[in-house]
Number of protein chains: 2
Amino acid sequence: MQTYAITLDDVKAAARRIEGIAHRTPTFTCATLDQLAGRSLYFKCEQWQRVGAFKFRGACNAVMKLSDADAARGVVTHSSGNHAQALALAAKQRGIPAHIVMPSNATPVKRKAVEGYGANVIECEPTLIAREVTVARVQAQTGAILIPPFNHPDVIAGQGTVALEMLADLPELDAIIAPIGGGGLMAGVTLAAKALKPTIRLFAAEPLNADDAARSFARKEFVPQTDPKTIADGLLTSMGDLTWPVVRDLVEAVITVREDEIVAAMRLTWERAKLLIEPSSAVAVAAVLTPAFRDLPGLKQVGVVLSGGNVNLDRLPW
Amino acid sequence: MQTYAITLDDVKAAARRIEGIAHRTPTFTCATLDQLAGRSLYFKCEQWQRVGAFKFRGACNAVMKLSDADAARGVVTHSSGNHAQALALAAKQRGIPAHIVMPSNATPVKRKAVEGYGANVIECEPTLIAREVTVARVQAQTGAILIPPFNHPDVIAGQGTVALEMLADLPELDAIIAPIGGGGLMAGVTLAAKALKPTIRLFAAEPLNADDAARSFARKEFVPQTDPKTIADGLLTSMGDLTWPVVRDLVEAVITVREDEIVAAMRLTWERAKLLIEPSSAVAVAAVLTPAFRDLPGLKQVGVVLSGGNVNLDRLPW
């Protein structure tokens with residue numbers, strides 16, 4: 001029997017660990033979007049999670065699970081996005097140091113947010129190599145524990161708590177769709193949901209311009225992402241060796257969407273549902289509005305994970 | 001004893017009338033805004049009301065209260081804003097004609113929304129005189145009943161249901177603050193809240209650039225609005241003879257805010273609370289962040305009415 005990075009018990013333990021620190025987010029509906037999708041949609045609103053994205057769940061679980069001895073060493077990661085803020089806040093909650101390696105081209109507002117949580121920001125060249133070398137140097141100097149953004153069992157288990165809450169609120173759901181980048185959210189949600197309700201169907205939503213999951217899924221073989229170009233800046237990375245097998249085996253389909261569909265779905269969600277979501281969240285909304293998804297039979301009630309709401313309000317995509 | 005346009009019983013009757021047609025909106029909190037305000041804020045989220053604004057409550061109550069004979073004549077109003085959509089949708093719900101007189105400079109998207117609810121849009125010159133003359137003509141031609149945007153007992157009673165819900169959810173509130181334009185929301189909320197909880201304190205929030213309420217309040221004499229210039233386009237009108245006495249007698253203070261404060265509060269609410277509100281709503285947020293309001297003693301828990309979320313996403317004010 002195939003085993004995966006985590007079990008339902010890990011997700012339940014994560015839920016207990018992050019309770020009272022992470023927010024339990026609400027689910028919203030929108031009649032207009034239901035009409036456009038041809039079915040009932042239930043939006044899990046992670047834009048109201050702490051730091052404005054689901055990422056806090058995984059980072060928080062990983063940090064809270066550390067032994068006291070390990071925690072005292074502090075934590076480190078490299079990220080220019082939501083994981084940076086998530087880890088910084090989780091470390092602050094535990095009262096331990098966080099070292100966040102950020103590329104020099106990260107926006108000042110993001111750097112300021114991370115520093116606002118009391119983290120130590122270390123700047124590096126904006127390449128993956130430079131980021132990894134800098135993290136290794138920080139680890140060597142401080143002994144800090146690396147908490148990666150998605151390819152880690154404790155992070156995946158934390159993200160899986162999204163599905164626990166969705167199925168507690170809405171046990172009737174026929175399916176859940178979530179955006180996929182590295183696959184931490186998708187893997188956690190899939191493993192938790194399938195364990196709780198084996199008949200539930202899982203879908204991944206991906207930008208066509210960063211479609212490593214779709215291509216990997218079609219070939220049943222991992223294909224890394226090269227040169228992604230999408231406004232869904234949370235979905236640029238390739239999957240990891242802990243997340244890909246879950247997608248390969250337990251996800252029914254990867255729905256890809258064009259950039260114009262992402263922008264239109266984002267705007268529609270802002271205008272009609274009055275939900276302030278980031279482009280990565282809009283990928284899941286765009287996916288349920290595609291003819292391919294609309295035509296799938298047997299899906300009366302679909303949970304849609306809105307992954308976050310951190311948007312640069314000075315540069316909206318329309 | 002002074003009597004006003006409506007009583008608590010009218011508001012309770014309105015609540016029964018609009019139940020299941022209007023949404024019962026949730027209340028949200030935001031730790032960052034609490035910190036900036038120096039107290040606990042509870043945001044009543046009318047951006048999620050039908051048509052995206054509290055206006056649907058009053059229009060719906062007025063339409064549903066009509067006798068069958070009156071309803072059959074249809075309804076008419078002039079508005080380029082949220083009341084137009086609100087009345088159009090309320091009429092659609094009742095299955096009666098709605099005639100909406102809109103100035104020729106109304107944005108096409110607003111006109112389209114009103115037409116989308118099945119209303120008959122009549123264009124006129126963008127002056128108050130032209131609007132009123134056109135309404136009178138429509139009334140003469142069709143026999144339709146005029147439902148004005150705020151200065152009407154049934155409209156005021158409908159808006160008052162906002163306070164019923166707030167105090168049902170949060171009986172501990174020390175105060176409620178709401179934006180003031182024509183005063184329909186403010187009067188309804190004030191009369192309902194004071195009747196339910198005589199110790200509660202009421203505050204009006206107003207743009208400094210459309211400060212007829214503040215000037216009237218200071219002089220204890222109605223001063224009409226002239227030449228308002230504010231991005232809070234829902235708050236341009238003067239109060240009416242039904243709303244002004246409520247403000248005069250039962251509101252503790254009118255807090256005015258500058259245009260830059262409105263824009264900053266709107267952006268803050270979008271960025272930190274991830275709540276998509278329109279400038280008129282931001283006036284109330286800006287007001288609770290002013291030193292004048294922050295310095296008021298005895299206000300631990302303050303309800304803030306976010307009146308709506310209909311924003312032109314192509315022309316954001318920052």
# chains A, B, ... in the order shown; residues from 1 in each chain; ligands from 1
>>> closest_atom_pairs(of="chain A", to="chain B", cutoff="12 Å", atoms="only C-alpha atoms", output="CSV")
residue,atom,partner,partner_atom,distance
A:His23,CA,B:Cys30,CA,11.5
A:Thr25,CA,B:Phe28,CA,11.2
A:Pro26,CA,B:Pro26,CA,10.4
A:Thr27,CA,B:Pro26,CA,11.7
A:Phe28,CA,B:Trp48,CA,10.0
A:Thr29,CA,B:Trp48,CA,10.1
A:Cys30,CA,B:Trp48,CA,9.3
A:Ala31,CA,B:Arg50,CA,9.9
A:Thr32,CA,B:Arg50,CA,10.9
A:Cys45,CA,B:Lys274,CA,10.3
A:Glu46,CA,B:Lys274,CA,10.3
A:Gln47,CA,B:Lys274,CA,6.8
A:Trp48,CA,B:Lys274,CA,6.8
A:Gln49,CA,B:Lys274,CA,10.0
A:Arg50,CA,B:Arg272,CA,9.9
A:Val51,CA,B:Arg272,CA,8.8
A:Gly52,CA,B:Lys274,CA,7.8
A:Ala53,CA,B:Lys274,CA,10.8
A:Val109,CA,B:Glu271,CA,11.4
A:Ala113,CA,B:Arg272,CA,11.2
A:Met266,CA,B:Leu313,CA,11.3
A:Arg267,CA,B:Leu313,CA,8.2
A:Leu268,CA,B:Leu313,CA,10.6
A:Thr269,CA,B:Leu276,CA,10.6
A:Trp270,CA,B:Leu276,CA,7.4
A:Glu271,CA,B:Asn310,CA,7.4
A:Arg272,CA,B:Gly52,CA,8.0
A:Ala273,CA,B:Trp48,CA,7.3
A:Lys274,CA,B:Leu276,CA,5.7
A:Leu275,CA,B:Leu276,CA,6.5
A:Leu276,CA,B:Lys274,CA,5.7
A:Ile277,CA,B:Lys274,CA,8.1
A:Glu278,CA,B:Lys274,CA,10.3
A:Gly308,CA,B:Lys274,CA,9.6
A:Gly309,CA,B:Lys274,CA,6.7
A:Asn310,CA,B:Glu271,CA,7.4
A:Val311,CA,B:Glu271,CA,7.8
A:Asn312,CA,B:Glu271,CA,8.8
A:Leu313,CA,B:Glu271,CA,8.0
A:Asp314,CA,B:Trp318,CA,7.4
A:Arg315,CA,B:Trp318,CA,10.6
A:Leu316,CA,B:Leu313,CA,8.9
A:Pro317,CA,B:Asp314,CA,10.1
A:Trp318,CA,B:Asp314,CA,7.4
>>> select_by_dssp(residues="range 191-318 of chain B", states="alpha helix (DSSP H)", output="short mmCIF file (atom, residue, chain, number, x, y, z; two decimals) with N, CA, C and O atoms, in the first residue's frame")
data_model
loop_
_atom_site.label_atom_id
_atom_site.label_comp_id
_atom_site.auth_asym_id
_atom_site.auth_seq_id
_atom_site.Cartn_x
_atom_site.Cartn_y
_atom_site.Cartn_z
N LEU B 191 -32.39 55.11 15.99
CA LEU B 191 -33.69 54.88 16.64
C LEU B 191 -33.81 53.44 17.12
O LEU B 191 -34.29 53.19 18.24
N ALA B 192 -33.34 52.49 16.33
CA ALA B 192 -33.42 51.08 16.74
C ALA B 192 -32.50 50.81 17.92
O ALA B 192 -32.89 50.18 18.92
N ALA B 193 -31.27 51.30 17.83
CA ALA B 193 -30.28 50.99 18.86
C ALA B 193 -30.66 51.64 20.20
O ALA B 193 -30.59 51.00 21.26
N LYS B 194 -31.07 52.89 20.16
CA LYS B 194 -31.43 53.61 21.39
C LYS B 194 -32.65 52.98 22.06
O LYS B 194 -32.75 52.96 23.29
N ALA B 195 -33.58 52.49 21.25
CA ALA B 195 -34.77 51.85 21.83
C ALA B 195 -34.43 50.51 22.46
O ALA B 195 -34.96 50.14 23.51
N LEU B 196 -33.50 49.80 21.83
CA LEU B 196 -33.11 48.49 22.36
C LEU B 196 -32.21 48.62 23.58
O LEU B 196 -32.24 47.79 24.48
N ASP B 212 -22.60 68.72 5.89
CA ASP B 212 -23.86 69.36 6.31
C ASP B 212 -24.32 68.85 7.68
O ASP B 212 -24.86 69.62 8.49
N ALA B 213 -24.11 67.59 7.95
CA ALA B 213 -24.55 67.06 9.25
C ALA B 213 -23.74 67.70 10.38
O ALA B 213 -24.30 68.10 11.41
N ALA B 214 -22.43 67.80 10.20
CA ALA B 214 -21.59 68.38 11.25
C ALA B 214 -21.95 69.85 11.48
O ALA B 214 -22.04 70.31 12.63
N ARG B 215 -22.17 70.58 10.40
CA ARG B 215 -22.50 71.99 10.55
C ARG B 215 -23.89 72.17 11.14
O ARG B 215 -24.11 73.00 12.02
N SER B 216 -24.82 71.35 10.70
CA SER B 216 -26.17 71.41 11.27
C SER B 216 -26.12 71.07 12.76
O SER B 216 -26.77 71.73 13.59
N PHE B 217 -25.36 70.04 13.08
CA PHE B 217 -25.27 69.56 14.45
C PHE B 217 -24.68 70.64 15.36
O PHE B 217 -25.16 70.88 16.48
N ALA B 218 -23.65 71.32 14.86
CA ALA B 218 -23.00 72.37 15.65
C ALA B 218 -23.96 73.54 15.90
O ALA B 218 -23.97 74.13 16.99
N ARG B 219 -24.78 73.86 14.91
CA ARG B 219 -25.70 74.99 15.04
C ARG B 219 -27.05 74.58 15.59
O ARG B 219 -27.91 75.45 15.84
N TRP B 244 -32.91 64.39 9.98
CA TRP B 244 -32.18 65.42 10.73
C TRP B 244 -32.57 65.47 12.21
O TRP B 244 -31.68 65.51 13.09
N PRO B 245 -33.86 65.43 12.58
CA PRO B 245 -34.18 65.51 14.02
C PRO B 245 -33.57 64.36 14.83
O PRO B 245 -33.23 64.55 16.01
N VAL B 246 -33.44 63.20 14.23
CA VAL B 246 -32.84 62.06 14.93
C VAL B 246 -31.36 62.34 15.20
O VAL B 246 -30.86 62.12 16.31
N VAL B 247 -30.69 62.85 14.20
CA VAL B 247 -29.28 63.19 14.36
C VAL B 247 -29.13 64.29 15.41
O VAL B 247 -28.30 64.19 16.33
N ARG B 248 -29.96 65.29 15.31
CA ARG B 248 -29.90 66.44 16.22
C ARG B 248 -30.05 66.01 17.69
O ARG B 248 -29.31 66.44 18.56
N ASP B 249 -31.00 65.12 17.93
CA ASP B 249 -31.36 64.80 19.31
C ASP B 249 -30.64 63.60 19.90
O ASP B 249 -30.45 63.54 21.12
N LEU B 250 -30.29 62.62 19.07
CA LEU B 250 -29.87 61.33 19.63
C LEU B 250 -28.45 60.92 19.29
O LEU B 250 -27.94 59.94 19.84
N GLU B 259 -10.37 64.02 3.09
CA GLU B 259 -10.31 63.08 1.96
C GLU B 259 -9.11 62.13 2.07
O GLU B 259 -9.23 60.94 1.79
N ASP B 260 -7.96 62.66 2.50
CA ASP B 260 -6.78 61.78 2.61
C ASP B 260 -6.97 60.75 3.71
O ASP B 260 -6.47 59.62 3.61
N GLU B 261 -7.70 61.11 4.73
CA GLU B 261 -7.99 60.13 5.79
C GLU B 261 -8.93 59.04 5.29
O GLU B 261 -8.80 57.87 5.67
N ILE B 262 -9.88 59.42 4.44
CA ILE B 262 -10.81 58.43 3.87
C ILE B 262 -10.05 57.42 3.01
O ILE B 262 -10.23 56.20 3.13
N VAL B 263 -9.18 57.96 2.14
CA VAL B 263 -8.41 57.08 1.24
C VAL B 263 -7.51 56.16 2.05
O VAL B 263 -7.42 54.95 1.79
N ALA B 264 -6.84 56.71 3.06
CA ALA B 264 -5.93 55.89 3.88
C ALA B 264 -6.70 54.81 4.63
O ALA B 264 -6.26 53.66 4.72
N ALA B 265 -7.87 55.15 5.14
CA ALA B 265 -8.67 54.16 5.88
C ALA B 265 -9.19 53.07 4.95
O ALA B 265 -9.24 51.89 5.31
N MET B 266 -9.57 53.48 3.75
CA MET B 266 -10.05 52.49 2.78
C MET B 266 -8.93 51.51 2.43
O MET B 266 -9.12 50.30 2.46
N ARG B 267 -7.77 52.05 2.17
CA ARG B 267 -6.64 51.19 1.80
C ARG B 267 -6.25 50.26 2.95
O ARG B 267 -5.97 49.09 2.76
N LEU B 268 -6.23 50.82 4.15
CA LEU B 268 -5.90 50.03 5.34
C LEU B 268 -6.90 48.88 5.52
O LEU B 268 -6.51 47.76 5.85
N THR B 269 -8.16 49.17 5.30
CA THR B 269 -9.19 48.15 5.47
C THR B 269 -9.05 47.06 4.41
O THR B 269 -9.23 45.88 4.69
N TRP B 270 -8.70 47.46 3.20
CA TRP B 270 -8.46 46.47 2.14
C TRP B 270 -7.23 45.64 2.49
O TRP B 270 -7.26 44.42 2.39
N GLU B 271 -6.14 46.31 2.86
CA GLU B 271 -4.86 45.62 3.02
C GLU B 271 -4.80 44.76 4.26
O GLU B 271 -4.27 43.66 4.25
N ARG B 272 -5.32 45.26 5.35
CA ARG B 272 -5.14 44.55 6.61
C ARG B 272 -6.34 43.69 6.98
O ARG B 272 -6.18 42.59 7.46
N PRO B 279 -15.58 53.92 -0.65
CA PRO B 279 -15.14 55.10 0.12
C PRO B 279 -16.13 55.53 1.20
O PRO B 279 -15.71 55.93 2.30
N SER B 280 -17.43 55.44 0.94
CA SER B 280 -18.39 55.86 1.95
C SER B 280 -18.25 55.04 3.23
O SER B 280 -18.40 55.57 4.34
N SER B 281 -17.99 53.74 3.10
CA SER B 281 -17.75 52.91 4.27
C SER B 281 -16.48 53.34 5.00
O SER B 281 -16.40 53.33 6.23
N ALA B 282 -15.47 53.68 4.20
CA ALA B 282 -14.18 54.05 4.77
C ALA B 282 -14.27 55.31 5.63
O ALA B 282 -13.43 55.54 6.50
N VAL B 283 -15.30 56.11 5.39
CA VAL B 283 -15.48 57.32 6.20
C VAL B 283 -15.67 56.94 7.68
O VAL B 283 -15.12 57.58 8.58
N ALA B 284 -16.41 55.85 7.92
CA ALA B 284 -16.61 55.41 9.31
C ALA B 284 -15.32 54.85 9.91
O ALA B 284 -15.02 55.05 11.08
N VAL B 285 -14.56 54.14 9.08
CA VAL B 285 -13.28 53.60 9.57
C VAL B 285 -12.32 54.77 9.88
O VAL B 285 -11.66 54.78 10.93
N ALA B 286 -12.27 55.73 8.97
CA ALA B 286 -11.40 56.89 9.18
C ALA B 286 -11.78 57.62 10.47
O ALA B 286 -10.93 58.07 11.22
N ALA B 287 -13.08 57.70 10.71
CA ALA B 287 -13.55 58.45 11.89
C ALA B 287 -13.06 57.81 13.19
O ALA B 287 -12.63 58.52 14.11
N VAL B 288 -13.12 56.49 13.29
CA VAL B 288 -12.68 55.85 14.55
C VAL B 288 -11.18 55.92 14.73
O VAL B 288 -10.67 55.65 15.83
N PRO B 291 -7.85 61.24 16.14
CA PRO B 291 -7.54 61.51 17.56
C PRO B 291 -8.79 61.89 18.35
O PRO B 291 -8.97 61.46 19.49
N ALA B 292 -9.68 62.68 17.73
CA ALA B 292 -10.90 63.12 18.44
C ALA B 292 -11.71 61.92 18.92
O ALA B 292 -12.20 61.91 20.06
N PHE B 293 -11.85 60.91 18.08
CA PHE B 293 -12.64 59.75 18.47
C PHE B 293 -11.85 58.85 19.41
O PHE B 293 -12.40 58.33 20.39
N ARG B 294 -10.58 58.68 19.11
CA ARG B 294 -9.73 57.83 19.96
C ARG B 294 -9.74 58.32 21.41
O ARG B 294 -9.65 57.53 22.34
#
>>> residues_around(residues="Leu299 in chain B", least_positions_apart="3", cutoff="12 Å", atoms="only C-alpha atoms", output="mmCIF file with C-alpha atoms, in the first residue's frame")
data_model
loop_
_atom_site.group_PDB
_atom_site.id
_atom_site.type_symbol
_atom_site.label_atom_id
_atom_site.label_comp_id
_atom_site.auth_asym_id
_atom_site.auth_seq_id
_atom_site.Cartn_x
_atom_site.Cartn_y
_atom_site.Cartn_z
ATOM 1 C CA ALA B 37 -8.172 52.567 17.046
ATOM 2 C CA GLY B 38 -7.135 51.820 20.609
ATOM 3 C CA ARG B 39 -10.249 49.712 21.237
ATOM 4 C CA SER B 40 -12.242 46.757 19.920
ATOM 5 C CA LEU B 41 -14.033 47.397 16.631
ATOM 6 C CA GLU B 172 -22.168 44.561 24.825
ATOM 7 C CA LEU B 173 -21.513 47.290 22.259
ATOM 8 C CA ASP B 174 -20.862 50.664 23.886
ATOM 9 C CA ALA B 175 -21.400 52.603 20.670
ATOM 10 C CA ILE B 176 -22.230 52.385 16.992
ATOM 11 C CA ILE B 177 -20.782 54.643 14.329
ATOM 12 C CA THR B 199 -27.206 53.556 27.183
ATOM 13 C CA ILE B 200 -25.673 52.962 23.763
ATOM 14 C CA ARG B 201 -23.893 55.918 22.208
ATOM 15 C CA LEU B 202 -24.326 56.852 18.546
ATOM 16 C CA PHE B 203 -21.838 58.609 16.286
ATOM 17 C CA VAL B 288 -12.685 55.849 14.551
ATOM 18 C CA PHE B 293 -12.641 59.750 18.474
ATOM 19 C CA ARG B 294 -9.734 57.829 19.956
ATOM 20 C CA ASP B 295 -9.728 60.219 22.919
ATOM 21 C CA LEU B 296 -13.385 59.612 23.829
ATOM 22 C CA VAL B 302 -17.552 49.997 19.048
ATOM 23 C CA GLY B 303 -19.688 48.761 16.173
#
>>> residues_around(residues="range 156-162 of chain B", least_positions_apart="5", cutoff="7 Å", atoms="only C-alpha atoms", output="mmCIF file with N, CA, C and O atoms, in the first residue's frame")
data_model
loop_
_atom_site.group_PDB
_atom_site.id
_atom_site.type_symbol
_atom_site.label_atom_id
_atom_site.label_comp_id
_atom_site.auth_asym_id
_atom_site.auth_seq_id
_atom_site.Cartn_x
_atom_site.Cartn_y
_atom_site.Cartn_z
ATOM 1 N N ILE B 6 -39.968 56.838 12.906
ATOM 2 C CA ILE B 6 -40.301 55.427 13.112
ATOM 3 C C ILE B 6 -40.057 55.041 14.569
ATOM 4 O O ILE B 6 -39.389 55.766 15.314
ATOM 5 N N ASP B 10 -41.532 49.432 14.207
ATOM 6 C CA ASP B 10 -41.419 49.533 12.746
ATOM 7 C C ASP B 10 -40.184 48.797 12.243
ATOM 8 O O ASP B 10 -40.208 48.156 11.192
ATOM 9 N N VAL B 11 -39.106 48.926 13.002
ATOM 10 C CA VAL B 11 -37.855 48.260 12.592
ATOM 11 C C VAL B 11 -37.999 46.744 12.717
ATOM 12 O O VAL B 11 -37.564 45.984 11.847
ATOM 13 N N ALA B 14 -39.996 45.584 9.916
ATOM 14 C CA ALA B 14 -39.155 45.580 8.705
ATOM 15 C C ALA B 14 -38.278 44.337 8.669
ATOM 16 O O ALA B 14 -38.120 43.699 7.617
ATOM 17 N N ALA B 15 -37.723 43.975 9.826
ATOM 18 C CA ALA B 15 -36.854 42.797 9.890
ATOM 19 C C ALA B 15 -37.610 41.544 9.471
ATOM 20 O O ALA B 15 -37.084 40.701 8.737
ATOM 21 N N PHE B 54 -26.108 48.434 2.184
ATOM 22 C CA PHE B 54 -27.251 48.403 3.112
ATOM 23 C C PHE B 54 -28.548 48.894 2.467
ATOM 24 O O PHE B 54 -29.639 48.612 2.960
ATOM 25 N N ARG B 57 -31.866 46.996 2.226
ATOM 26 C CA ARG B 57 -32.784 46.783 3.357
ATOM 27 C C ARG B 57 -33.977 47.734 3.290
ATOM 28 O O ARG B 57 -35.133 47.317 3.395
ATOM 29 N N GLY B 58 -33.686 49.018 3.134
ATOM 30 C CA GLY B 58 -34.751 50.011 3.123
ATOM 31 C C GLY B 58 -35.652 49.884 1.911
ATOM 32 O O GLY B 58 -36.888 49.933 2.018
ATOM 33 N N ASN B 61 -37.828 46.772 2.314
ATOM 34 C CA ASN B 61 -38.917 46.966 3.275
ATOM 35 C C ASN B 61 -40.036 47.803 2.661
ATOM 36 O O ASN B 61 -41.218 47.477 2.784
ATOM 37 N N PHE B 150 -33.877 57.956 1.050
ATOM 38 C CA PHE B 150 -33.653 57.946 2.511
ATOM 39 C C PHE B 150 -34.752 58.614 3.322
ATOM 40 O O PHE B 150 -35.057 58.175 4.420
ATOM 41 N N GLY B 184 -30.524 58.258 6.244
ATOM 42 C CA GLY B 184 -31.458 57.138 6.398
ATOM 43 C C GLY B 184 -30.875 56.022 7.249
ATOM 44 O O GLY B 184 -31.537 55.495 8.156
ATOM 45 N N LEU B 185 -29.640 55.657 6.978
ATOM 46 C CA LEU B 185 -28.956 54.632 7.766
ATOM 47 C C LEU B 185 -28.769 55.100 9.202
ATOM 48 O O LEU B 185 -29.083 54.390 10.156
ATOM 49 N N ALA B 187 -30.316 57.431 10.922
ATOM 50 C CA ALA B 187 -31.559 57.583 11.680
ATOM 51 C C ALA B 187 -32.136 56.231 12.062
ATOM 52 O O ALA B 187 -32.551 56.013 13.214
ATOM 53 N N GLY B 188 -32.153 55.309 11.117
ATOM 54 C CA GLY B 188 -32.700 53.987 11.402
ATOM 55 C C GLY B 188 -31.896 53.263 12.472
ATOM 56 O O GLY B 188 -32.460 52.689 13.424
ATOM 57 N N VAL B 189 -30.597 53.302 12.323
ATOM 58 C CA VAL B 189 -29.713 52.632 13.289
ATOM 59 C C VAL B 189 -29.855 53.288 14.663
ATOM 60 O O VAL B 189 -29.937 52.603 15.692
ATOM 61 N N ALA B 192 -33.343 52.487 16.333
ATOM 62 C CA ALA B 192 -33.422 51.084 16.740
ATOM 63 C C ALA B 192 -32.496 50.807 17.919
ATOM 64 O O ALA B 192 -32.892 50.179 18.917
#
>>> residues_around(residues="range 62-70 of chain A", least_positions_apart="2", cutoff="7 Å", atoms="only C-alpha atoms", output="NGL selection string")
:A and (17 or 58-60 or 72-73 or 90-91 or 94 or 154-155)
>>> write_last_selection(atoms="C-alpha atoms", output="PDB file, in the first residue's frame")
ATOM      1  CA  ARG A  17      -1.408  22.527  17.690  1.00  0.00           C
ATOM      2  CA  GLY A  58       1.813  25.031   7.859  1.00  0.00           C
ATOM      3  CA  ALA A  59       4.478  27.341   9.245  1.00  0.00           C
ATOM      4  CA  CYS A  60       2.690  27.500  12.580  1.00  0.00           C
ATOM      5  CA  ALA A  72      15.688  27.585  20.860  1.00  0.00           C
ATOM      6  CA  ARG A  73      17.948  27.360  17.816  1.00  0.00           C
ATOM      7  CA  ALA A  90       4.854  31.704  13.822  1.00  0.00           C
ATOM      8  CA  ALA A  91       8.319  32.177  15.301  1.00  0.00           C
ATOM      9  CA  ARG A  94       6.676  30.865  19.905  1.00  0.00           C
ATOM     10  CA  ASP A 154       4.667  19.312   9.158  1.00  0.00           C
ATOM     11  CA  VAL A 155       3.940  22.057   6.649  1.00  0.00           C
TER      12      VAL A 155
END
>>> atom_distance(atom1="CA of Thr134 in chain A", atom2="CA of Gln85 in chain A")
18.1 Å
>>> atom_distance(atom1="CA of Met239 in chain B", atom2="CA of Ile145 in chain B")
21.6 Å
>>> residues_around(residues="Pro171 in chain B", least_positions_apart="4", cutoff="10 Å", atoms="only C-alpha atoms", output="CSV table (one decimal) with C-alpha atoms, in the first residue's frame")
chain,number,residue,atom,x,y,z
B,164,LEU,CA,-31.1,45.0,15.3
B,165,GLU,CA,-28.6,42.5,14.0
B,166,MET,CA,-25.6,44.2,15.5
B,167,LEU,CA,-27.1,44.3,19.0
B,196,LEU,CA,-33.1,48.5,22.4
B,197,LYS,CA,-30.3,49.8,24.6
B,200,ILE,CA,-25.7,53.0,23.8
>>> select_by_dssp(residues="range 88-280 of chain A", states="strand (DSSP E)", output="MDAnalysis selection string")
chainID A and resid 98:103 120:124 145:146 175:179 201:207 253:257
>>> closest_residue(among="B:Ile255, B:Val75, B:Met186, B:Ala22", to="Val305 in chain B", atoms="only C-alpha atoms")
B:Met186
>>> decode(residues="range 256-260 of chain A", atoms="all heavy atoms", output="PDB file, in the first residue's frame")
ATOM      1  N   THR A 256      -6.191  23.702 -15.919  1.00  0.00           N
ATOM      2  CA  THR A 256      -5.323  24.849 -16.193  1.00  0.00           C
ATOM      3  C   THR A 256      -6.145  26.032 -16.712  1.00  0.00           C
ATOM      4  O   THR A 256      -7.162  25.843 -17.395  1.00  0.00           O
ATOM      5  CB  THR A 256      -4.232  24.513 -17.234  1.00  0.00           C
ATOM      6  OG1 THR A 256      -4.857  23.984 -18.396  1.00  0.00           O
ATOM      7  CG2 THR A 256      -3.244  23.504 -16.672  1.00  0.00           C
ATOM      8  N   VAL A 257      -5.671  27.224 -16.381  1.00  0.00           N
ATOM      9  CA  VAL A 257      -6.379  28.445 -16.796  1.00  0.00           C
ATOM     10  C   VAL A 257      -5.403  29.467 -17.350  1.00  0.00           C
ATOM     11  O   VAL A 257      -4.262  29.578 -16.887  1.00  0.00           O
ATOM     12  CB  VAL A 257      -7.168  29.071 -15.621  1.00  0.00           C
ATOM     13  CG1 VAL A 257      -8.364  28.197 -15.250  1.00  0.00           C
ATOM     14  CG2 VAL A 257      -6.288  29.302 -14.406  1.00  0.00           C
ATOM     15  N   ARG A 258      -5.877  30.210 -18.339  1.00  0.00           N
ATOM     16  CA  ARG A 258      -5.058  31.242 -18.970  1.00  0.00           C
ATOM     17  C   ARG A 258      -4.962  32.484 -18.059  1.00  0.00           C
ATOM     18  O   ARG A 258      -5.783  32.683 -17.164  1.00  0.00           O
ATOM     19  CB  ARG A 258      -5.671  31.668 -20.308  1.00  0.00           C
ATOM     20  CG  ARG A 258      -5.797  30.555 -21.354  1.00  0.00           C
ATOM     21  CD  ARG A 258      -6.251  31.164 -22.692  1.00  0.00           C
ATOM     22  NE  ARG A 258      -7.407  32.046 -22.499  1.00  0.00           N
ATOM     23  CZ  ARG A 258      -8.681  31.636 -22.560  1.00  0.00           C
ATOM     24  NH1 ARG A 258      -8.974  30.381 -22.826  1.00  0.00           N
ATOM     25  NH2 ARG A 258      -9.672  32.498 -22.370  1.00  0.00           N
ATOM     26  N   GLU A 259      -3.986  33.327 -18.362  1.00  0.00           N
ATOM     27  CA  GLU A 259      -3.804  34.552 -17.570  1.00  0.00           C
ATOM     28  C   GLU A 259      -5.040  35.447 -17.615  1.00  0.00           C
ATOM     29  O   GLU A 259      -5.446  36.013 -16.601  1.00  0.00           O
ATOM     30  CB  GLU A 259      -2.581  35.337 -18.069  1.00  0.00           C
ATOM     31  CG  GLU A 259      -1.253  34.623 -17.865  1.00  0.00           C
ATOM     32  CD  GLU A 259      -0.924  34.388 -16.402  1.00  0.00           C
ATOM     33  OE1 GLU A 259      -0.737  35.366 -15.655  1.00  0.00           O
ATOM     34  OE2 GLU A 259      -0.852  33.203 -16.002  1.00  0.00           O
ATOM     35  N   ASP A 260      -5.648  35.569 -18.801  1.00  0.00           N
ATOM     36  CA  ASP A 260      -6.833  36.437 -18.898  1.00  0.00           C
ATOM     37  C   ASP A 260      -7.997  35.862 -18.093  1.00  0.00           C
ATOM     38  O   ASP A 260      -8.810  36.599 -17.537  1.00  0.00           O
ATOM     39  CB  ASP A 260      -7.230  36.675 -20.365  1.00  0.00           C
ATOM     40  CG  ASP A 260      -7.645  35.395 -21.077  1.00  0.00           C
ATOM     41  OD1 ASP A 260      -6.872  34.414 -21.003  1.00  0.00           O
ATOM     42  OD2 ASP A 260      -8.727  35.352 -21.683  1.00  0.00           O
TER      43      ASP A 260
END
